[in-house]
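To keep things clear, I will list the structure first and then write my remarks on it.
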Number of protein chains: 2
Amino acid sequence: MKISSTDARARQKAVKVLHERFSEIAIKILKGEEPRLIIPKRTLSNTIYDAERKLLLLGTDTFERSFLDVRESRKFMQTLLMASIIYEALVNNEYPTIRDLYYRGKHTIRYRDHRGKIVEENTWDEQKESDSVLRDIEVFTNLLREEMLILSKEKGKVVGDMRIRSGDDLIDLSKMGHGAYAIEPTPDLIEFVDVNAEFVLVVEKDAVFQQLHRAGFWRKYKAILITSAGQPDRATRRFVRRLNEELGLPIYVLTDADPYGWYIYSVFKIGSITLSYESERLATPKARFLGVSMTDIFGDKETRKKPYLSEKERRNFIIKAKKTDLKRAQELKSYEWFKTPKWKKELKIFMLKKSKLEIEALTGKGLKFLMDIYIPQKIMFGDWID
Amino acid sequence: MKISSTDARARQKAVKVLHERFSEIAIKILKGEEPRLIIPKRTLSNTIYDAERKLLLLGTDTFERSFLDVRESRKFMQTLLMASIIYEALVNNEYPTIRDLYYRGKHTIRYRDHRGKIVEENTWDEQKESDSVLRDIEVFTNLLREEMLILSKEKGKVVGDMRIRSGDDLIDLSKMGHGAYAIEPTPDLIEFVDVNAEFVLVVEKDAVFQQLHRAGFWRKYKAILITSAGQPDRATRRFVRRLNEELGLPIYVLTDADPYGWYIYSVFKIGSITLSYESERLATPKARFLGVSMTDIFGDKETRKKPYLSEKERRNFIIKAKKTDLKRAQELKSYEWFKTPKWKKELKIFMLKKSKLEIEALTGKGLKFLMDIYIPQKIMFGDWID
């Protein structure tokens, strides 16, 4: 098996951290002390929105997982089982997925209970359980799963005038023909070699990405063009964050005008609520929502903004919001980071008009409209939401 | 807008064909004749399984769409509307998606009926309608949508020791680092420059593709490694077909052991039932089902095949089939191409054991098991289903 040198280094680092963190347990056992783990709490009550850094973060609460407490010994066993599987995979040059980890650990333990009866118990029954334990290990070791060479499916694609090094290869992202570069599942191992771009455009929809790419958008406007192909996965989020943080490129996110699209933007910018511990690495607090916004569709009397659609186009293109859309919009309204004046206005128009719009409605007006009018104008005039 | 020379040539060809096929209509009108279209029928009854060529094909039945027949004039109008939108997009260097085409054509026609009353009618209400018309145009012109530069989202990825030309770029598919090459939506425009591989492995699951890629599978075994990331899209199917047909590479498909996975294989090999007119270009009749098969899991007394899983592994890894799985398996049993002895046996074991298995259960045994034992052994001993 030929392993890239980047991977070999990443393995060494993860092995070292895992060894350090978990040898504490072994030392305790050898000393005759009670083995226990102190792990940051991943509960909603310990999830804090840091308004200054514009990030969802884990608070300082921790909990103890003790082997000798009957209520916790199962979880304790699961945590050590998972850590050992990951460790084994690392030293054996394996690349497990979270589904693998579930299968690798799944087995039945037979033991004699205090009455002398033989009892059977499964290490875990569902992947939900093994995933939860993996998250505990991530916060306990402060290693993301990607740093432990745990792979996952990946949907994100990128093209643009940029060279990167991945594995042992130098890759020119401007030489992908009509295709694109599919981002690797461990984007922290990518090295940015050089870049010739002024901003990053992240498009929710793969089909729109294909169109803009094919029409030469990124070349004409000096952009790095990315698609998340729907809800962004971790690798795409991390890749976008690195483009912003390390290269200083502004990030513009283009989604459908509906609560689902706005939430995609929110995941890029703030992080996901259930996995707040990742935000510090995966979120891009400076990401800007380029559109499609409600004021793009209907205009805005207050700021004298003209709509991008005519009355007739609105009639043909607008889709009536469903109940689930309205419910989702209500939820968004309750999030701190949607309580800015601009977002309040967006959500208010949405609730009032009960209307949504797809990006494709804009390309329905012509790809040139999207490419040469809508996107460049919005960027030039600062018509985004921060 | 900078357009690649490949695209420019493709446009010219499509414009020419559309012009030829539809100018017949104009000529008829100018002659005072009734304008009508004769289109191959896309009905199930006109879908034929060609057992020799191992393909789903359209039969010879056609139907007439006449402008002067009240029952057909709406469909006639839709067909000409769609053709004109596609034509416009072609000459204007646009790259519409099928969603765009729907939006572009969607508008309300106002007219006075025979009683003198003003009536309003929408060109189409749902994308289902415009998609159906697009398919009519595909069979009428014998041009696939991709040849008319209609784009779509694309999930397929590829890596391997192979050079291709796409657009104006030469792309080395062996230099993608840990990432991959995302196949373009118009794979007929790809030029195969040179290839150094002995077979193609198509993996249903992106996460398994990532693992095999990372561990160097394609380099070690001289393979072109592809993932369809679930149900294959048209571009991935066409790309696989071309690898088989033009380069003579054998194609092995690796899916989960369940009716859903088997159907993915079937779409690669035979084509999809609802879109049989595409099969002649998109299907790969010589594709082989590598696994995971029921006899891989349970062995086969008849052929003395040993199972790849131990009793204990079966206990831990097997998932109980759901009602929908059993129903789907019943459907598969009714398809001609699943009536071979090997498939009959597979489906019989499945119905008997009511058990399914994911590929990840094999990587749960270790990635080396999947990479260095399971796949190479199955290929070496011809243990696939044709």
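Residues in the structure tokens are named by chain (A, B, ... in the order shown) and by number from 1 within that chain; ligands are numbered from 1 in the order shown.
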
Dump as a list in words the residues of chain A that approach chain B to within 6 Å, counting only C-alpha atoms.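 On the chain A side, the interface is Lys2, Tyr95, Asp100, Tyr103, Arg104, His107, Ser152, Lys153, Ser166, Gly167, Asp169, Lys175, Gly177, His178, Gly179, Ala180, Tyr181, Ala182, Ile183, Glu184, Asp206, Ala207, Gln211, Gly216, Asn316, Glu360 and Gly364 of chain A.
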
Please identify all polymer residues within 10 Å of B:Ser84, counting only C-alpha atoms, omitting same-chain residues fewer than 4 positions from it, and present them as a compact mmCIF listing (two decimals) with N, CA and C atoms, in the first residue's frame.
```
# COMPACT_ATOMS: atom_id res chain seq x y z
N LEU B 18 -31.28 20.19 -35.11
CA LEU B 18 -32.56 20.79 -34.71
C LEU B 18 -33.17 21.54 -35.89
N HIS B 19 -32.33 22.27 -36.59
CA HIS B 19 -32.80 23.07 -37.72
C HIS B 19 -33.42 22.16 -38.78
N PHE B 22 -36.79 20.41 -37.49
CA PHE B 22 -37.95 21.26 -37.27
C PHE B 22 -38.30 22.13 -38.47
N GLN B 78 -46.24 22.80 -26.91
CA GLN B 78 -45.16 22.60 -25.92
C GLN B 78 -43.89 22.09 -26.59
N THR B 79 -44.05 21.18 -27.53
CA THR B 79 -42.88 20.60 -28.20
C THR B 79 -42.13 21.66 -28.99
N LEU B 80 -42.88 22.47 -29.73
CA LEU B 80 -42.22 23.52 -30.51
C LEU B 80 -41.63 24.61 -29.62
N GLU B 88 -32.52 28.53 -29.14
CA GLU B 88 -32.06 29.85 -28.68
C GLU B 88 -30.85 29.71 -27.76
N ALA B 89 -30.95 28.77 -26.81
CA ALA B 89 -29.86 28.57 -25.85
C ALA B 89 -28.58 28.16 -26.58
N LEU B 90 -28.73 27.33 -27.61
CA LEU B 90 -27.57 26.86 -28.35
C LEU B 90 -26.88 28.01 -29.08
N GLY B 105 -39.65 28.39 -20.36
CA GLY B 105 -40.86 28.23 -21.16
C GLY B 105 -42.14 28.59 -20.43
```

Pairwise distance for atom CA of B:Ile270 and atom CA of B:Tyr49, rounded to one decimal in Å: 8.6 Å

Among stretch 163-313 of chain A, which ones does DSSP assign to helix (DSSP H, G or I) (computed from the backbone)? Answer as number ranges by chain. A: 187-189, 206-214, 217-220, 234-247, 259-269, 276-282, 294-298, 311-313

Students should find that atom CA of A:Arg36 and atom CA of A:Leu134 are spaced 16.8 Å
